[in-house]
$ cat final-v7.cif   # mmCIF, C-alpha atoms and all ligand atoms
data_model
loop_
_atom_site.label_atom_id
_atom_site.label_comp_id
_atom_site.auth_asym_id
_atom_site.auth_seq_id
_atom_site.Cartn_x
_atom_site.Cartn_y
_atom_site.Cartn_z
CA MET A 1 105.05 207.69 133.66
CA THR A 2 102.59 206.74 136.40
CA TYR A 3 103.11 205.26 139.82
CA THR A 4 101.16 202.09 140.52
CA GLN A 5 101.77 199.84 143.50
CA GLY A 6 105.38 200.77 143.90
CA THR A 7 106.17 200.50 140.22
CA TYR A 8 106.92 203.31 137.83
CA ARG A 9 105.57 202.28 134.47
CA ASN A 10 106.63 203.75 131.21
CA GLU A 11 103.18 204.11 129.74
CA ASN A 12 103.60 207.39 127.96
CA ASN A 13 106.58 206.68 125.82
CA ALA A 14 104.82 208.10 122.81
CA ALA A 15 104.73 211.41 124.66
CA GLY A 16 108.48 211.19 125.13
CA ILE A 17 108.42 210.53 128.86
CA ILE A 18 111.38 208.55 130.12
CA SER A 19 111.02 205.88 132.80
CA LEU A 20 113.24 205.90 135.85
CA TYR A 21 114.71 202.65 134.50
CA GLU A 22 115.92 204.46 131.39
CA GLN A 23 117.00 207.52 133.35
CA ILE A 24 119.38 205.51 135.50
CA GLY A 25 120.87 203.69 132.51
CA GLY A 26 118.75 200.53 132.27
CA ALA A 27 119.96 196.94 132.58
CA GLU A 28 123.65 197.75 132.81
CA THR A 29 123.22 200.10 135.78
CA ILE A 30 120.95 197.72 137.65
CA ASP A 31 123.40 194.88 137.10
CA ARG A 32 126.28 197.00 138.42
CA LEU A 33 124.17 198.18 141.32
CA VAL A 34 123.22 194.71 142.57
CA HIS A 35 126.82 193.53 142.16
CA ALA A 36 128.06 196.47 144.27
CA PHE A 37 125.23 196.15 146.80
CA TYR A 38 125.11 192.51 147.87
CA PRO A 39 128.75 192.11 148.97
CA LYS A 40 128.10 195.03 151.33
CA VAL A 41 124.93 193.42 152.63
CA TYR A 42 126.79 190.16 153.19
CA GLU A 43 129.59 191.94 155.05
CA HIS A 44 127.23 193.95 157.25
CA PRO A 45 126.99 192.54 160.78
CA GLU A 46 123.29 193.49 161.12
CA LEU A 47 122.33 191.87 157.82
CA ARG A 48 124.61 188.89 157.34
CA PRO A 49 122.67 186.58 159.71
CA LEU A 50 119.68 186.92 157.38
CA PHE A 51 121.59 185.42 154.46
CA PRO A 52 123.07 182.12 155.71
CA ASP A 53 123.17 180.69 152.17
CA GLY A 54 125.00 183.63 150.64
CA VAL A 55 123.64 186.29 148.34
CA ASP A 56 124.01 184.92 144.79
CA GLU A 57 120.41 183.85 144.41
CA ILE A 58 118.93 186.97 145.94
CA ARG A 59 121.21 189.17 143.82
CA ALA A 60 119.78 187.58 140.67
CA LYS A 61 116.21 188.03 141.95
CA GLN A 62 116.90 191.60 142.97
CA TYR A 63 118.14 192.36 139.45
CA LEU A 64 114.79 191.19 138.08
CA PHE A 65 112.85 193.01 140.76
CA LEU A 66 114.63 196.38 140.52
CA THR A 67 114.26 196.31 136.73
CA GLN A 68 110.52 196.15 137.20
CA PHE A 69 110.44 198.44 140.25
CA THR A 70 112.01 201.27 138.23
CA GLY A 71 109.60 200.86 135.33
CA GLY A 72 111.63 198.52 133.09
CA PRO A 73 110.39 195.16 131.75
CA ALA A 74 108.36 193.10 134.23
CA LEU A 75 111.11 190.49 134.62
CA TYR A 76 110.37 189.56 138.24
CA THR A 77 106.64 189.02 137.72
CA ASP A 78 107.27 187.08 134.50
CA GLN A 79 109.41 184.59 136.40
CA PHE A 80 107.94 184.54 139.92
CA GLY A 81 104.40 185.91 139.57
CA PHE A 82 102.96 188.67 141.71
CA GLY A 83 104.84 188.26 144.96
CA ASN A 84 103.85 190.56 147.80
CA MET A 85 107.22 191.85 148.94
CA ARG A 86 105.93 192.78 152.36
CA SER A 87 104.78 189.25 153.11
CA ILE A 88 107.98 187.78 151.59
CA HIS A 89 109.91 189.93 154.08
CA ALA A 90 107.58 189.04 156.94
CA ARG A 91 109.47 185.73 157.24
CA PHE A 92 112.53 187.63 158.51
CA PRO A 93 112.91 189.80 161.62
CA ILE A 94 113.47 193.24 160.13
CA THR A 95 114.23 195.87 162.77
CA PRO A 96 114.55 199.62 162.07
CA ALA A 97 118.34 199.15 162.43
CA ARG A 98 118.30 196.46 159.74
CA ALA A 99 116.28 198.65 157.40
CA GLU A 100 118.76 201.47 157.97
CA ALA A 101 121.68 199.08 157.39
CA TRP A 102 120.10 197.86 154.13
CA LEU A 103 119.63 201.46 152.99
CA SER A 104 123.16 202.46 153.97
CA CYS A 105 124.55 199.56 151.86
CA MET A 106 122.38 200.78 148.98
CA ARG A 107 123.64 204.34 149.43
CA GLU A 108 127.25 203.12 149.33
CA ALA A 109 126.57 200.94 146.28
CA MET A 110 125.02 203.89 144.45
CA ASP A 111 128.07 205.99 145.36
CA GLU A 112 130.37 203.23 144.18
CA ILE A 113 128.82 202.91 140.73
CA GLY A 114 128.45 206.70 140.39
CA LEU A 115 124.66 206.75 140.28
CA ASN A 116 123.90 210.40 141.05
CA GLY A 117 121.49 213.25 140.60
CA HIS A 118 117.74 213.33 140.36
CA PRO A 119 117.15 209.68 139.26
CA ARG A 120 119.28 208.42 142.16
CA GLN A 121 117.35 210.58 144.59
CA LEU A 122 114.07 209.24 143.32
CA MET A 123 115.16 205.62 143.32
CA PHE A 124 116.62 205.91 146.81
CA GLN A 125 113.47 207.53 148.04
CA MET A 126 111.30 204.73 146.62
CA LEU A 127 113.57 202.13 148.23
CA THR A 128 113.44 204.01 151.55
CA ASN A 129 109.66 203.95 151.46
CA ALA A 130 109.68 200.21 150.71
CA ALA A 131 112.32 199.38 153.35
CA ASN A 132 110.36 201.27 156.01
CA ARG A 133 107.25 199.29 155.16
CA PHE A 134 109.16 196.01 155.62
CA VAL A 135 110.09 196.79 159.25
CA ASN A 136 108.23 194.21 161.32
CA THR A 137 110.27 193.86 164.54
CA GLN A 138 111.27 196.28 167.29
CA PRO A 139 114.57 195.76 169.11
CA HIS A 140 114.60 194.64 172.75
CA HIS A 141 117.58 196.68 173.78
CA GLN A 142 118.43 200.26 174.67
CA CYS A 143 119.95 202.00 171.70
CA GLY A 144 122.37 204.83 172.44
CA GLY A 145 120.21 205.88 175.36
CA MET A 146 117.11 205.83 173.19
CA GLN A 147 114.64 203.32 174.54
CA ALA A 148 113.15 201.74 171.47
CA GLY A 149 110.87 199.41 173.40
CA GLY A 150 110.27 195.67 172.92
CA ALA A 151 106.58 195.02 172.49
CA PRO A 152 104.81 197.92 170.81
CA VAL A 153 104.49 200.70 173.37
CA GLU A 154 101.02 202.02 174.04
CA LEU A 155 101.25 205.77 173.71
CA CYS A 156 99.36 208.27 175.85
CA GLU A 157 96.74 210.35 174.06
CA PRO A 158 98.87 213.38 173.05
CA LEU A 159 101.76 211.23 171.80
CA ALA A 160 99.35 208.97 169.90
CA ARG A 161 97.84 212.12 168.42
CA LEU A 162 101.22 213.40 167.24
CA LYS A 163 101.86 209.98 165.68
CA SER A 164 98.46 209.92 163.98
CA GLU A 165 99.17 213.32 162.41
CA HIS A 166 101.98 211.65 160.45
CA GLY A 167 99.54 209.58 158.35
CA PRO A 168 97.84 212.42 156.46
CA LEU A 169 101.11 214.38 156.31
CA ARG A 170 102.87 211.41 154.78
CA GLU A 171 100.12 210.98 152.20
CA GLN A 172 100.32 214.63 151.24
CA MET A 173 104.08 214.66 150.88
CA ASP A 174 104.17 211.34 148.99
CA ALA A 175 101.66 212.83 146.56
CA TYR A 176 103.75 215.94 145.98
CA ALA A 177 106.92 213.84 145.64
CA ARG A 178 105.30 211.72 142.91
CA GLU A 179 104.41 214.89 141.04
CA ALA A 180 107.89 216.34 141.62
CA ALA A 181 109.48 213.18 140.23
CA GLU A 182 107.81 213.74 136.87
CA ILE A 183 109.16 217.25 136.46
CA GLY A 184 111.97 217.65 133.96
CA THR A 185 111.58 214.15 132.50
CA ASN A 186 110.03 214.92 129.11
CA PRO A 187 112.83 215.90 126.70
CA ASN A 188 110.34 217.45 124.26
CA LYS A 189 109.10 219.96 126.78
CA THR A 190 110.92 223.27 126.92
CA ASP A 191 109.07 225.13 129.68
CA TRP A 192 108.27 223.56 133.06
CA SER A 193 107.09 226.71 134.83
CA GLY A 194 103.42 225.60 134.89
CA ASP A 195 104.31 222.25 136.46
CA ILE A 196 106.40 223.94 139.11
CA ALA A 197 103.59 226.36 139.89
CA SER A 198 101.19 223.45 140.36
CA LEU A 199 103.70 221.64 142.57
CA GLN A 200 104.20 224.84 144.55
CA ILE A 201 100.51 224.87 145.50
CA LYS A 202 100.76 221.29 146.80
CA VAL A 203 103.99 221.95 148.70
CA GLU A 204 102.63 225.12 150.29
CA THR A 205 99.46 223.31 151.34
CA PHE A 206 101.61 220.59 152.86
CA VAL A 207 103.75 223.15 154.72
CA ARG A 208 100.61 224.74 156.19
CA GLU A 209 99.62 221.33 157.59
CA LEU A 210 103.14 220.47 158.71
CA ASP A 211 103.85 223.72 160.58
CA PRO A 212 101.43 223.32 163.52
CA HIS A 213 102.59 219.70 163.95
CA SER A 214 106.26 220.76 164.01
CA GLU A 215 105.50 223.60 166.40
CA ARG A 216 103.86 221.26 168.90
CA GLU A 217 107.03 219.19 168.87
CA GLU A 218 109.51 222.06 168.87
CA GLU A 219 107.75 224.18 171.45
CA ILE A 220 106.48 221.50 173.80
CA LEU A 221 107.59 217.90 173.22
CA PHE A 222 111.30 218.50 172.55
CA PRO A 223 111.82 220.92 175.47
CA LEU A 224 110.03 218.52 177.82
CA MET A 225 112.25 215.65 176.69
CA ALA A 226 115.36 217.84 176.74
CA LYS A 227 114.85 218.28 180.48
CA HIS A 228 115.50 214.56 180.82
CA VAL A 229 118.14 213.90 178.15
CA GLY A 230 119.68 217.31 177.39
CA ARG A 231 119.43 219.31 174.22
CA GLN A 232 122.92 219.80 172.83
CA MET A 233 123.55 216.20 171.80
CA GLY A 234 121.62 213.00 171.38
CA PRO A 235 118.11 212.42 170.10
CA ILE A 236 116.64 215.89 170.61
CA ALA A 237 119.53 217.56 168.78
CA VAL A 238 119.07 215.09 165.90
CA MET A 239 115.32 215.69 165.72
CA GLU A 240 115.73 219.46 165.79
CA HIS A 241 118.40 219.32 163.13
CA GLU A 242 116.12 217.27 160.86
CA HIS A 243 113.26 219.75 161.35
CA GLU A 244 115.63 222.54 160.35
CA LEU A 245 116.90 220.65 157.30
CA ALA A 246 113.39 219.91 156.06
CA LYS A 247 112.32 223.51 156.62
CA GLN A 248 115.34 224.90 154.79
CA ASN A 249 114.72 222.69 151.78
CA LEU A 250 111.00 223.47 151.67
CA ALA A 251 111.78 227.19 151.95
CA LYS A 252 114.38 226.98 149.16
CA PHE A 253 111.88 225.24 146.92
CA THR A 254 109.15 227.80 147.62
CA GLU A 255 111.47 230.76 147.20
CA ASN A 256 112.68 229.47 143.83
CA ALA A 257 109.17 228.54 142.72
CA ARG A 258 107.90 232.03 143.57
CA ASN A 259 110.67 233.71 141.58
CA LEU A 260 110.75 231.74 138.36
CA PRO A 261 112.36 233.31 135.32
CA GLY A 262 109.97 233.41 132.34
CA ASN A 263 111.00 230.07 130.93
CA VAL A 264 112.13 227.09 133.04
CA ASP A 265 114.12 224.44 131.20
CA ALA A 266 114.41 220.82 132.39
CA ASP A 267 117.74 221.30 134.21
CA LEU A 268 116.56 224.28 136.20
CA ALA A 269 113.22 222.57 136.89
CA LYS A 270 115.01 219.50 138.28
CA GLU A 271 117.24 221.66 140.43
CA ILE A 272 114.26 223.49 141.91
CA VAL A 273 112.23 220.35 142.60
CA SER A 274 115.26 218.63 144.13
CA TYR A 275 114.72 220.82 147.24
CA ALA A 276 111.18 219.53 147.63
CA LEU A 277 112.43 215.97 147.15
CA GLN A 278 115.21 216.44 149.70
CA ALA A 279 112.66 217.62 152.25
CA HIS A 280 110.51 214.58 151.46
CA ALA A 281 113.45 212.21 152.00
CA VAL A 282 114.43 213.86 155.30
CA LEU A 283 110.87 213.81 156.61
CA THR A 284 110.23 210.21 155.56
CA GLU A 285 113.13 209.02 157.69
CA HIS A 286 112.34 211.50 160.44
CA PHE A 287 108.74 210.32 160.85
CA MET A 288 109.94 206.73 161.03
CA LYS A 289 112.47 207.59 163.76
CA GLU A 290 109.84 209.44 165.74
CA GLU A 291 107.35 206.60 165.49
CA ASN A 292 109.80 203.82 166.25
CA VAL A 293 112.05 205.50 168.78
CA LEU A 294 111.22 209.01 169.93
CA PHE A 295 107.54 208.67 170.82
CA PRO A 296 108.01 205.35 172.69
CA MET A 297 110.95 206.98 174.47
CA ALA A 298 108.79 209.98 175.45
CA GLU A 299 106.08 207.64 176.67
CA HIS A 300 108.54 206.10 179.14
CA MET A 301 110.28 209.31 180.05
CA LEU A 302 107.59 211.93 180.59
CA ASN A 303 105.64 211.99 183.83
CA ALA A 304 101.87 212.48 184.05
CA GLU A 305 102.16 216.23 184.53
CA GLU A 306 104.41 216.60 181.47
CA LYS A 307 102.00 214.53 179.39
CA GLU A 308 99.22 216.87 180.55
CA GLN A 309 101.32 219.81 179.37
CA LEU A 310 101.79 218.14 175.99
CA ALA A 311 98.04 217.54 175.71
CA ARG A 312 97.50 221.31 176.03
CA ALA A 313 99.44 221.81 172.76
CA TRP A 314 96.16 221.47 170.81
CA GLU A 315 94.21 223.99 172.89
C1 LIG B 1 114.47 196.68 154.96
C2 LIG B 1 115.59 196.00 154.82
C3 LIG B 1 115.60 194.68 154.07
C4 LIG B 1 116.06 193.51 154.54
C5 LIG B 1 116.69 193.27 155.92
C6 LIG B 1 115.84 192.52 153.51
C7 LIG B 1 116.14 191.17 153.62
C8 LIG B 1 115.76 190.21 152.72
C9 LIG B 1 115.91 188.78 152.93
C10 LIG B 1 116.49 188.12 154.17
C11 LIG B 1 115.45 188.17 151.82
C12 LIG B 1 115.38 186.66 151.56
C13 LIG B 1 116.67 186.15 151.05
C14 LIG B 1 116.60 184.67 150.75
O1 LIG B 1 115.53 184.19 150.35
O2 LIG B 1 117.64 184.06 150.93
C15 LIG B 1 115.00 189.19 150.92
C16 LIG B 1 114.46 188.96 149.68
C17 LIG B 1 114.17 189.93 148.78
N1 LIG B 1 114.21 191.29 148.99
FE1 LIG B 1 114.71 192.20 150.71
N2 LIG B 1 115.28 193.13 152.43
C18 LIG B 1 115.11 194.45 152.73
C19 LIG B 1 114.59 195.43 151.90
C20 LIG B 1 114.26 195.21 150.58
C21 LIG B 1 113.82 196.24 149.67
C22 LIG B 1 113.68 197.73 150.05
C23 LIG B 1 113.58 195.64 148.48
C24 LIG B 1 113.12 196.25 147.20
C25 LIG B 1 112.21 197.19 147.16
C26 LIG B 1 113.85 194.23 148.64
C27 LIG B 1 113.71 193.28 147.65
C28 LIG B 1 113.84 191.92 147.84
C29 LIG B 1 113.60 190.93 146.81
C30 LIG B 1 113.18 191.19 145.38
C31 LIG B 1 113.79 189.68 147.40
C32 LIG B 1 113.62 188.32 146.74
C33 LIG B 1 112.19 187.89 146.89
C34 LIG B 1 111.97 186.45 146.42
O3 LIG B 1 112.34 185.56 147.15
O4 LIG B 1 111.42 186.30 145.35
N3 LIG B 1 114.26 194.01 149.92
N4 LIG B 1 115.20 190.41 151.48
#
$ encode --input "final-v7.cif" --output "C-alpha cells"
Amino acid sequence: MTYTQGTYRNENNAAGIISLYEQIGGAETIDRLVHAFYPKVYEHPELRPLFPDGVDEIRAKQYLFLTQFTGGPALYTDQFGFGNMRSIHARFPITPARAEAWLSCMREAMDEIGLNGHPRQLMFQMLTNAANRFVNTQPHHQCGGMQAGGAPVELCEPLARLKSEHGPLREQMDAYAREAAEIGTNPNKTDWSGDIASLQIKVETFVRELDPHSEREEEILFPLMAKHVGRQMGPIAVMEHEHELAKQNLAKFTENARNLPGNVDADLAKEIVSYALQAHAVLTEHFMKEENVLFPMAEHMLNAEEKEQLARAWE
C-alpha cells in the first residue's frame, strides 16, 4: 500500500497487503459511515448553513470519494474526474471551528457505527489532515477569550519562527505516520520487529527535533502568556496538556520499541505503533491550534519587551 496524493492505493495485493478500504470493511462500512455522518452535519449549527439544499447529494458523492480516499475503487474520479478537493472547498467559508465541527461529526459517526481500532485511527488522521488543509477563513470574533484574529495576523519574528518550525516537524511526523500505518497490515508476515526498529529511528529523530521547539514554548512562550491569561485554565493549560499527551505517547512508543520481545506479531506491532500514531494525531491538531489561535493571540498580547525575551529563546 502506498500513499499518493491523499489516496491509499492497494498496489501490493499480491504481497498480501490489505488496503485501508478493506481493513475498515469496504463498501458496507463506508455506506453506513456516510449515512451516520451527514444527519449530524446537517444538525450542526456551525455546518448547516453550508448545506441549504440538504445533504442527500453530497452524501452520495462522499460515498464515492471516501471509497477512493481509503484505497478502494476509484469511484469518484470515474464519475467526476480529478477534482481538486481544496479548490472545491474554497467556494465555502471554512473556519477552524467548522473544520473541528466536521471532524467531531465524523468522530461521532465512527463511534455510532462501531468503527474502531487502528484502521479508524488512520482514517480519522487522514481526514483530519484533509480538513485542516481546507480551512480558508479566520473568524472575526473573540473565541473563549482567545483572540483568533480577522485578517491574517502578521507575527513578530520569534513567533513567526516558532510557526515556521512546524513545517519541517509536520513533514517528519507525517512521514513516520505513513510508515507506522503500514505496520501490522500484511497477514503473511509473522515478525514485525525490523519494521518497528526502523520506525523507532524515525520517531527518535523527530523527537530530537521536536524537543527544542517544545522547550522554547514551555519555558518561555507559555509562561509569558500565562502572566496575561493565567495558567490553571484556558488556552495555556490546554496547550501544556497537549504537549504532555504527545510526549507520553512518544515515550511509550520508544520504550516499547526499545524492549521488543524476540518476535513481534501483527497485534503487538499495531499496539506499539498506535502510541506513535496517537502522538501524531495530537500534534497535528495542536500545531493547527497554535497557528490559528495561540500565536496570533500572543502577537496581540505580548509587549515589546516580552517579545524580546522570546527572541532570546534561540540564543
Ligand atoms: C473541513 C470541514 C469541511 C467542511 C465545512 C466541508 C463542507 C463541504 C461543502 C459545503 C461541500 C459542498 C456541498 C454541496 O455542493 O452542496 C462539500 C463537498 C464535498 N466535501 Fe467537504 N467539507 C469539509 C471537509 C471535507 C473533508 C475532510 C472531505 C474528505 C476528505 C470532504 C469531502 C467532500 C466531497 C467529496 C465533496 C463533494 C465534492 C463535489 O462536489 O464533487 N470534505 N464539503
$ residues_near_ligand --input "final-v7.cif" --ligand "ligand LIG 1 (chain B)" --cutoff "8 Å" --atoms "all atoms listed in the file" --output "ChimeraX atom specification"
/A:47,50-55,57-58,61-66,69,76,80,83,85,88-89,92-96,98-103,126-135
$ write_last_selection --input "final-v7.cif" --atoms "C-alpha atoms" --output "PDB file, in the coordinates of the input"
ATOM      1  CA  LEU A  47     122.330 191.870 157.820  1.00  0.00           C
ATOM      2  CA  LEU A  50     119.680 186.920 157.380  1.00  0.00           C
ATOM      3  CA  PHE A  51     121.590 185.420 154.460  1.00  0.00           C
ATOM      4  CA  PRO A  52     123.070 182.120 155.710  1.00  0.00           C
ATOM      5  CA  ASP A  53     123.170 180.690 152.170  1.00  0.00           C
ATOM      6  CA  GLY A  54     125.000 183.630 150.640  1.00  0.00           C
ATOM      7  CA  VAL A  55     123.640 186.290 148.340  1.00  0.00           C
ATOM      8  CA  GLU A  57     120.410 183.850 144.410  1.00  0.00           C
ATOM      9  CA  ILE A  58     118.930 186.970 145.940  1.00  0.00           C
ATOM     10  CA  LYS A  61     116.210 188.030 141.950  1.00  0.00           C
ATOM     11  CA  GLN A  62     116.900 191.600 142.970  1.00  0.00           C
ATOM     12  CA  TYR A  63     118.140 192.360 139.450  1.00  0.00           C
ATOM     13  CA  LEU A  64     114.790 191.190 138.080  1.00  0.00           C
ATOM     14  CA  PHE A  65     112.850 193.010 140.760  1.00  0.00           C
ATOM     15  CA  LEU A  66     114.630 196.380 140.520  1.00  0.00           C
ATOM     16  CA  PHE A  69     110.440 198.440 140.250  1.00  0.00           C
ATOM     17  CA  TYR A  76     110.370 189.560 138.240  1.00  0.00           C
ATOM     18  CA  PHE A  80     107.940 184.540 139.920  1.00  0.00           C
ATOM     19  CA  GLY A  83     104.840 188.260 144.960  1.00  0.00           C
ATOM     20  CA  MET A  85     107.220 191.850 148.940  1.00  0.00           C
ATOM     21  CA  ILE A  88     107.980 187.780 151.590  1.00  0.00           C
ATOM     22  CA  HIS A  89     109.910 189.930 154.080  1.00  0.00           C
ATOM     23  CA  PHE A  92     112.530 187.630 158.510  1.00  0.00           C
ATOM     24  CA  PRO A  93     112.910 189.800 161.620  1.00  0.00           C
ATOM     25  CA  ILE A  94     113.470 193.240 160.130  1.00  0.00           C
ATOM     26  CA  THR A  95     114.230 195.870 162.770  1.00  0.00           C
ATOM     27  CA  PRO A  96     114.550 199.620 162.070  1.00  0.00           C
ATOM     28  CA  ARG A  98     118.300 196.460 159.740  1.00  0.00           C
ATOM     29  CA  ALA A  99     116.280 198.650 157.400  1.00  0.00           C
ATOM     30  CA  GLU A 100     118.760 201.470 157.970  1.00  0.00           C
ATOM     31  CA  ALA A 101     121.680 199.080 157.390  1.00  0.00           C
ATOM     32  CA  TRP A 102     120.100 197.860 154.130  1.00  0.00           C
ATOM     33  CA  LEU A 103     119.630 201.460 152.990  1.00  0.00           C
ATOM     34  CA  MET A 126     111.300 204.730 146.620  1.00  0.00           C
ATOM     35  CA  LEU A 127     113.570 202.130 148.230  1.00  0.00           C
ATOM     36  CA  THR A 128     113.440 204.010 151.550  1.00  0.00           C
ATOM     37  CA  ASN A 129     109.660 203.950 151.460  1.00  0.00           C
ATOM     38  CA  ALA A 130     109.680 200.210 150.710  1.00  0.00           C
ATOM     39  CA  ALA A 131     112.320 199.380 153.350  1.00  0.00           C
ATOM     40  CA  ASN A 132     110.360 201.270 156.010  1.00  0.00           C
ATOM     41  CA  ARG A 133     107.250 199.290 155.160  1.00  0.00           C
ATOM     42  CA  PHE A 134     109.160 196.010 155.620  1.00  0.00           C
ATOM     43  CA  VAL A 135     110.090 196.790 159.250  1.00  0.00           C
TER      44      VAL A 135
END
$ atom_distance --input "final-v7.cif" --atom1 "CA of Cys156 (chain A)" --atom2 "CA of Arg312 (chain A)"
13.2 Å
$ residues_around --input "final-v7.cif" --residues "Pro39 (chain A)" --least-positions-apart "3" --cutoff "12 Å" --atoms "all atoms listed in the file" --output "ChimeraX atom specification"
/A:32-36,42-45,47-48,51,54-56,58-59,102,105-106,108-109
$ residues_around --input "final-v7.cif" --residues "His243 (chain A)" --least-positions-apart "5" --cutoff "10 Å" --atoms "all atoms listed in the file" --output "list in words"
Ser214, Glu217, Glu218, Ala237, Val238, Gln248, Ala279, Val282, Leu283 and His286 of chain A
$ write_last_selection --input "final-v7.cif" --atoms "C-alpha atoms" --output "compact mmCIF listing (two decimals), in the frame of the given file"
# COMPACT_ATOMS: atom_id res chain seq x y z
CA SER A 214 106.26 220.76 164.01
CA GLU A 217 107.03 219.19 168.87
CA GLU A 218 109.51 222.06 168.87
CA ALA A 237 119.53 217.56 168.78
CA VAL A 238 119.07 215.09 165.90
CA GLN A 248 115.34 224.90 154.79
CA ALA A 279 112.66 217.62 152.25
CA VAL A 282 114.43 213.86 155.30
CA LEU A 283 110.87 213.81 156.61
CA HIS A 286 112.34 211.50 160.44
$ atom_distance --input "final-v7.cif" --atom1 "CA of Val264 (chain A)" --atom2 "CA of Phe124 (chain A)"
25.7 Å
$ atom_distance --input "final-v7.cif" --atom1 "CA of Leu169 (chain A)" --atom2 "CA of Leu268 (chain A)"
27.2 Å
$ closest_residue --input "final-v7.cif" --among "A:Arg258, A:Ala60, A:Phe222, A:Asp265" --to "Gly234 (chain A)" --atoms "only C-alpha atoms"
A:Phe222
$ closest_residue --input "final-v7.cif" --among "A:Ser164, A:Asn84, A:Gln125, A:Gln138" --to "Thr284 (chain A)" --atoms "only C-alpha atoms"
A:Gln125
$ closest_residue --input "final-v7.cif" --among "A:Thr70, A:Thr205, A:Thr190, A:Asn116" --to "Ala269 (chain A)" --atoms "only C-alpha atoms"
A:Thr190
$ closest_residue --input "final-v7.cif" --among "A:Ala160, A:Leu75, A:Lys247, A:Glu112" --to "Phe37 (chain A)" --atoms "only C-alpha atoms"
A:Glu112
$ closest_residue --input "final-v7.cif" --among "A:Pro296, A:Pro235, A:Gly230, A:Pro212" --to "Trp314 (chain A)" --atoms "all atoms listed in the file"
A:Pro212
$ residues_around --input "final-v7.cif" --residues "Lys252 (chain A)" --least-positions-apart "3" --cutoff "12 Å" --atoms "all atoms listed in the file" --output "ChimeraX atom specification"
/A:200,203-204,245-249,255-259,271-279
